[in-house]
Amino acid sequence: GSHVEMARIRKLAAHSEAVLRAQAQAERDRAMGILESIADGFFTLDRNWCFTYVNPAGEKLLRAPRKDLLGKSHWDLYPAAIGSNGEEAYRRAVRDHVPVAFEIYYEPWQHWYAVSAYPTAEGGISVYLRDITESKHAEQDLRQQWQAFDAALSNTPDFTYIFDLQGRFTYVNRALLSLWGIPLEDAVGKNFFELQYPSELAGRLQCQIQQVIETHEPVRDDTPFTGPTGETRHYEYILVPILTGDGAVEAVAGSTRDVTDRER
């Protein structure tokens, strides 16, 4: 009876092992199917920095077919990456067994890439790659436009500023920064309370910003304000909605004028 029982156990064990192998293979096939179809480039390098797998998106981003990549050294094929922040990050991922993420400009192609790399159990790395050249150019264009915008608004005596939908400053011109006596980085991301405005005035201004967001209508008002020098002056201001193409409010802009002398 014991022989029959042992045979049955061996048969069950073999069957279980076959099922587990089939499940593991099915999981590998599913993962491979995902990697073959994703929009991001994906490739793996072994401990000698040679390509062991490249997905179709990776072929496009690396500008070479799989057959010309597999088994070849990454550094031999892309020598311009040697000495870059990318090489340092790859080597850190392998050395410290930690994931790394970075952006790199590849000079020969004049393209920017976002890269995430993960160490593998075999001593190599798995790498996700995305071309971000267009967004980098858009970012640069926006920065240039912003600099021109800032130069224009900062050559007026009026205070001009922009808030996000939570009532935090995203832009402040030089005239208002000069009144406050702080640099732009100390103002951006803060609201009137955090900039230590008198609580009653800060509360009124924050409520008026939300009123503009909710009603899509400008708000005009005036207030006395005592600056860091201790001098109290009188100001008129207007808050207006900045609308997207479909009419939603994406920010609130404001302008403040010193009317002390006029009132006198």
# chains A, B, ... in the order shown; residues from 1 in each chain; ligands from 1
call {"tool": "residues_around", "arguments": {"residues": "A:Val259", "least_positions_apart": "6", "cutoff": "8 Å", "atoms": "only C-alpha atoms", "output": "ChimeraX atom specification"}}
result
/A:233-236
call {"tool": "select_by_dssp", "arguments": {"residues": "stretch 20-107 of chain A", "states": "strand (DSSP E)", "output": "VMD selection string"}}
result
chain A and resid 41 to 45 51 to 54 100 to 106
call {"tool": "write_last_selection", "arguments": {"atoms": "N, CA and C atoms", "output": "PDB file, in the first residue's frame"}}
result
ATOM      1  N   GLY A  41       9.953  53.008 -24.465  1.00  0.00           N
ATOM      2  CA  GLY A  41      11.013  52.077 -24.813  1.00  0.00           C
ATOM      3  C   GLY A  41      11.405  51.280 -23.584  1.00  0.00           C
ATOM      4  N   PHE A  42      11.747  50.016 -23.789  1.00  0.00           N
ATOM      5  CA  PHE A  42      12.182  49.166 -22.675  1.00  0.00           C
ATOM      6  C   PHE A  42      13.287  48.262 -23.179  1.00  0.00           C
ATOM      7  N   PHE A  43      14.370  48.173 -22.401  1.00  0.00           N
ATOM      8  CA  PHE A  43      15.438  47.235 -22.760  1.00  0.00           C
ATOM      9  C   PHE A  43      16.126  46.739 -21.497  1.00  0.00           C
ATOM     10  N   THR A  44      16.827  45.618 -21.619  1.00  0.00           N
ATOM     11  CA  THR A  44      17.579  45.068 -20.490  1.00  0.00           C
ATOM     12  C   THR A  44      19.036  44.905 -20.894  1.00  0.00           C
ATOM     13  N   LEU A  45      19.914  45.143 -19.925  1.00  0.00           N
ATOM     14  CA  LEU A  45      21.354  44.972 -20.112  1.00  0.00           C
ATOM     15  C   LEU A  45      21.847  43.955 -19.091  1.00  0.00           C
ATOM     16  N   PHE A  51      23.041  44.300 -24.465  1.00  0.00           N
ATOM     17  CA  PHE A  51      21.589  44.209 -24.610  1.00  0.00           C
ATOM     18  C   PHE A  51      21.146  42.752 -24.618  1.00  0.00           C
ATOM     19  N   THR A  52      20.127  42.449 -23.800  1.00  0.00           N
ATOM     20  CA  THR A  52      19.557  41.101 -23.789  1.00  0.00           C
ATOM     21  C   THR A  52      18.100  41.104 -24.248  1.00  0.00           C
ATOM     22  N   TYR A  53      17.468  42.275 -24.249  1.00  0.00           N
ATOM     23  CA  TYR A  53      16.090  42.402 -24.758  1.00  0.00           C
ATOM     24  C   TYR A  53      15.839  43.864 -25.096  1.00  0.00           C
ATOM     25  N   VAL A  54      15.093  44.098 -26.186  1.00  0.00           N
ATOM     26  CA  VAL A  54      14.659  45.446 -26.578  1.00  0.00           C
ATOM     27  C   VAL A  54      13.249  45.333 -27.131  1.00  0.00           C
ATOM     28  N   VAL A 100      17.040  54.047 -10.247  1.00  0.00           N
ATOM     29  CA  VAL A 100      17.459  55.423 -10.515  1.00  0.00           C
ATOM     30  C   VAL A 100      16.548  56.020 -11.588  1.00  0.00           C
ATOM     31  N   ALA A 101      16.385  57.333 -11.559  1.00  0.00           N
ATOM     32  CA  ALA A 101      15.604  58.035 -12.571  1.00  0.00           C
ATOM     33  C   ALA A 101      16.321  59.339 -12.888  1.00  0.00           C
ATOM     34  N   PHE A 102      16.389  59.700 -14.161  1.00  0.00           N
ATOM     35  CA  PHE A 102      17.109  60.905 -14.549  1.00  0.00           C
ATOM     36  C   PHE A 102      16.669  61.333 -15.947  1.00  0.00           C
ATOM     37  N   GLU A 103      17.049  62.564 -16.313  1.00  0.00           N
ATOM     38  CA  GLU A 103      16.863  63.063 -17.669  1.00  0.00           C
ATOM     39  C   GLU A 103      18.239  63.236 -18.291  1.00  0.00           C
ATOM     40  N   ILE A 104      18.335  62.944 -19.580  1.00  0.00           N
ATOM     41  CA  ILE A 104      19.636  63.046 -20.239  1.00  0.00           C
ATOM     42  C   ILE A 104      19.474  63.643 -21.630  1.00  0.00           C
ATOM     43  N   TYR A 105      20.435  64.492 -22.008  1.00  0.00           N
ATOM     44  CA  TYR A 105      20.465  65.063 -23.354  1.00  0.00           C
ATOM     45  C   TYR A 105      21.508  64.292 -24.148  1.00  0.00           C
ATOM     46  N   TYR A 106      21.076  63.619 -25.246  1.00  0.00           N
ATOM     47  CA  TYR A 106      22.015  62.846 -26.061  1.00  0.00           C
ATOM     48  C   TYR A 106      22.445  63.709 -27.237  1.00  0.00           C
TER      49      TYR A 106
END
call {"tool": "select_by_dssp", "arguments": {"residues": "stretch 13-102 of chain A", "states": "helix (DSSP H, G or I)", "output": "NGL selection string"}}
result
:A and (13-37 or 56-62 or 66-69 or 74-77 or 79-81 or 85-96)
call {"tool": "residues_around", "arguments": {"residues": "stretch 86-88 of chain A", "least_positions_apart": "4", "cutoff": "12 Å", "atoms": "only C-alpha atoms", "output": "list in words"}}
result
Trp49, His74, Trp75, Tyr78, Pro79, Ala80, Ala81, Ile82, Arg92, Ala93, Val94, Arg95, Asp96, Val100, Ala101, Phe102, Glu103, Ile104, Tyr105, Tyr106, Trp112, Tyr113, Ala114, Val115, Ser116, Ala117, Val127 and Leu129 of chain A
call {"tool": "write_last_selection", "arguments": {"atoms": "N, CA and C atoms", "output": "compact mmCIF listing (two decimals), in the first residue's frame"}}
result
# COMPACT_ATOMS: atom_id res chain seq x y z
N TRP A 49 26.85 44.95 -19.56
CA TRP A 49 26.24 46.08 -20.26
C TRP A 49 25.84 45.76 -21.69
N HIS A 74 26.16 48.33 -24.73
CA HIS A 74 25.50 49.63 -24.77
C HIS A 74 26.51 50.74 -25.01
N TRP A 75 27.69 50.67 -24.35
CA TRP A 75 28.68 51.74 -24.43
C TRP A 75 29.39 51.75 -25.77
N TYR A 78 26.61 53.33 -28.11
CA TYR A 78 26.24 54.72 -27.79
C TYR A 78 27.38 55.38 -26.99
N PRO A 79 28.53 55.56 -27.64
CA PRO A 79 29.71 56.07 -26.90
C PRO A 79 29.52 57.48 -26.35
N ALA A 80 28.63 58.27 -26.95
CA ALA A 80 28.42 59.64 -26.46
C ALA A 80 27.82 59.64 -25.05
N ALA A 81 27.26 58.50 -24.61
CA ALA A 81 26.69 58.43 -23.26
C ALA A 81 27.76 58.18 -22.20
N ILE A 82 28.97 57.81 -22.64
CA ILE A 82 30.05 57.55 -21.68
C ILE A 82 30.44 58.87 -21.01
N ARG A 92 25.47 53.35 -10.63
CA ARG A 92 24.99 53.42 -9.25
C ARG A 92 23.88 52.40 -9.00
N ALA A 93 22.99 52.23 -10.00
CA ALA A 93 21.89 51.27 -9.86
C ALA A 93 22.43 49.86 -9.64
N VAL A 94 23.48 49.51 -10.39
CA VAL A 94 24.07 48.17 -10.27
C VAL A 94 24.87 48.04 -8.98
N ARG A 95 25.68 49.09 -8.69
CA ARG A 95 26.56 49.03 -7.52
C ARG A 95 25.78 48.99 -6.21
N ASP A 96 24.78 49.89 -6.08
CA ASP A 96 24.04 50.00 -4.83
C ASP A 96 22.74 49.23 -4.83
N VAL A 100 17.04 54.05 -10.25
CA VAL A 100 17.46 55.42 -10.51
C VAL A 100 16.55 56.02 -11.59
N ALA A 101 16.38 57.33 -11.56
CA ALA A 101 15.60 58.04 -12.57
C ALA A 101 16.32 59.34 -12.89
N PHE A 102 16.39 59.70 -14.16
CA PHE A 102 17.11 60.91 -14.55
C PHE A 102 16.67 61.33 -15.95
N GLU A 103 17.05 62.56 -16.31
CA GLU A 103 16.86 63.06 -17.67
C GLU A 103 18.24 63.24 -18.29
N ILE A 104 18.34 62.94 -19.58
CA ILE A 104 19.64 63.05 -20.24
C ILE A 104 19.47 63.64 -21.63
N TYR A 105 20.43 64.49 -22.01
CA TYR A 105 20.47 65.06 -23.35
C TYR A 105 21.51 64.29 -24.15
N TYR A 106 21.08 63.62 -25.25
CA TYR A 106 22.02 62.85 -26.06
C TYR A 106 22.45 63.71 -27.24
N TRP A 112 16.23 64.93 -25.89
CA TRP A 112 16.16 64.72 -24.44
C TRP A 112 15.39 63.43 -24.16
N TYR A 113 15.84 62.69 -23.13
CA TYR A 113 15.17 61.45 -22.75
C TYR A 113 14.97 61.40 -21.24
N ALA A 114 13.82 60.87 -20.83
CA ALA A 114 13.57 60.55 -19.42
C ALA A 114 13.83 59.06 -19.25
N VAL A 115 14.63 58.71 -18.26
CA VAL A 115 15.08 57.33 -18.09
C VAL A 115 14.82 56.86 -16.67
N SER A 116 14.30 55.64 -16.54
CA SER A 116 14.18 54.97 -15.24
C SER A 116 14.85 53.62 -15.37
N ALA A 117 15.76 53.31 -14.46
CA ALA A 117 16.50 52.04 -14.54
C ALA A 117 16.40 51.29 -13.21
N VAL A 127 15.60 48.94 -18.18
CA VAL A 127 15.54 50.39 -18.43
C VAL A 127 14.28 50.76 -19.19
N LEU A 129 12.57 54.01 -21.20
CA LEU A 129 13.10 55.18 -21.91
C LEU A 129 11.97 55.91 -22.61
call {"tool": "residues_around", "arguments": {"residues": "A:Asp221", "least_positions_apart": "3", "cutoff": "12 Å", "atoms": "only C-alpha atoms", "output": "MDAnalysis selection string"}}
result
chainID A and resid 201 204:205 208:209 218 224 234:240 254:257
call {"tool": "write_last_selection", "arguments": {"atoms": "N, CA and C atoms", "output": "CSV table (one decimal), in the first residue's frame"}}
result
chain,number,residue,atom,x,y,z
A,201,LEU,N,-7.2,91.2,6.7
A,201,LEU,CA,-7.0,91.5,5.3
A,201,LEU,C,-6.7,90.2,4.5
A,204,ARG,N,-9.9,88.4,3.8
A,204,ARG,CA,-10.7,89.0,2.8
A,204,ARG,C,-10.2,88.7,1.4
A,205,LEU,N,-8.8,88.9,1.2
A,205,LEU,CA,-8.2,88.6,-0.1
A,205,LEU,C,-8.4,87.2,-0.5
A,208,GLN,N,-11.9,86.7,-1.7
A,208,GLN,CA,-12.1,87.3,-3.0
A,208,GLN,C,-11.6,86.5,-4.1
A,209,ILE,N,-10.4,85.9,-3.9
A,209,ILE,CA,-9.8,85.0,-5.0
A,209,ILE,C,-10.8,83.9,-5.3
A,218,PRO,N,-14.7,89.6,-12.3
A,218,PRO,CA,-13.6,90.3,-11.6
A,218,PRO,C,-14.2,90.9,-10.2
A,224,PRO,N,-6.0,99.9,2.9
A,224,PRO,CA,-4.7,100.5,3.4
A,224,PRO,C,-3.8,99.3,3.6
A,234,HIS,N,-2.4,103.7,0.7
A,234,HIS,CA,-3.7,103.2,0.3
A,234,HIS,C,-3.6,102.6,-1.1
A,235,TYR,N,-4.2,101.4,-1.3
A,235,TYR,CA,-4.1,100.7,-2.6
A,235,TYR,C,-5.5,100.3,-3.1
A,236,GLU,N,-5.6,100.4,-4.5
A,236,GLU,CA,-6.8,99.9,-5.2
A,236,GLU,C,-6.3,98.6,-5.9
A,237,TYR,N,-7.2,97.6,-6.0
A,237,TYR,CA,-6.8,96.4,-6.7
A,237,TYR,C,-7.9,95.8,-7.4
A,238,ILE,N,-7.6,95.0,-8.4
A,238,ILE,CA,-8.6,94.2,-9.2
A,238,ILE,C,-8.1,92.8,-9.3
A,239,LEU,N,-9.0,91.8,-9.1
A,239,LEU,CA,-8.7,90.4,-9.3
A,239,LEU,C,-9.5,89.9,-10.5
A,240,VAL,N,-8.9,89.3,-11.5
A,240,VAL,CA,-9.7,88.8,-12.7
A,240,VAL,C,-9.4,87.3,-12.9
A,254,GLY,N,-4.0,89.4,-10.7
A,254,GLY,CA,-4.4,90.6,-10.0
A,254,GLY,C,-3.4,91.8,-10.3
A,255,SER,N,-3.9,93.0,-10.1
A,255,SER,CA,-3.1,94.2,-10.3
A,255,SER,C,-3.5,95.2,-9.1
A,256,THR,N,-2.5,95.8,-8.5
A,256,THR,CA,-2.7,96.7,-7.4
A,256,THR,C,-2.0,98.0,-7.7
A,257,ARG,N,-2.7,99.1,-7.5
A,257,ARG,CA,-2.1,100.5,-7.7
A,257,ARG,C,-2.1,101.3,-6.4
call {"tool": "closest_atom_pairs", "arguments": {"of": "stretch 79-190 of chain A", "to": "stretch 242-250 of chain A", "cutoff": "12 Å", "atoms": "only C-alpha atoms", "output": "JSON lines"}}
result
{"residue": "A:Tyr161", "atom": "CA", "partner": "A:Ile242", "partner_atom": "CA", "distance": 12.0}
{"residue": "A:Ile162", "atom": "CA", "partner": "A:Ile242", "partner_atom": "CA", "distance": 9.2}
{"residue": "A:Phe163", "atom": "CA", "partner": "A:Glu250", "partner_atom": "CA", "distance": 9.3}
{"residue": "A:Asp164", "atom": "CA", "partner": "A:Glu250", "partner_atom": "CA", "distance": 7.2}
{"residue": "A:Leu165", "atom": "CA", "partner": "A:Glu250", "partner_atom": "CA", "distance": 6.8}
{"residue": "A:Gln166", "atom": "CA", "partner": "A:Glu250", "partner_atom": "CA", "distance": 10.6}
{"residue": "A:Gly167", "atom": "CA", "partner": "A:Glu250", "partner_atom": "CA", "distance": 11.4}
{"residue": "A:Thr170", "atom": "CA", "partner": "A:Glu250", "partner_atom": "CA", "distance": 11.9}
call {"tool": "atom_distance", "arguments": {"atom1": "atom CA of A:Cys50", "atom2": "atom CA of A:Pro108"}}
result
20.8 Å
call {"tool": "atom_distance", "arguments": {"atom1": "atom CA of A:Glu36", "atom2": "atom CA of A:Lys67"}}
result
15.3 Å
call {"tool": "closest_residue", "arguments": {"among": "A:His137, A:Arg66, A:His216, A:His97", "to": "A:Gln110", "atoms": "only C-alpha atoms"}}
result
A:His137
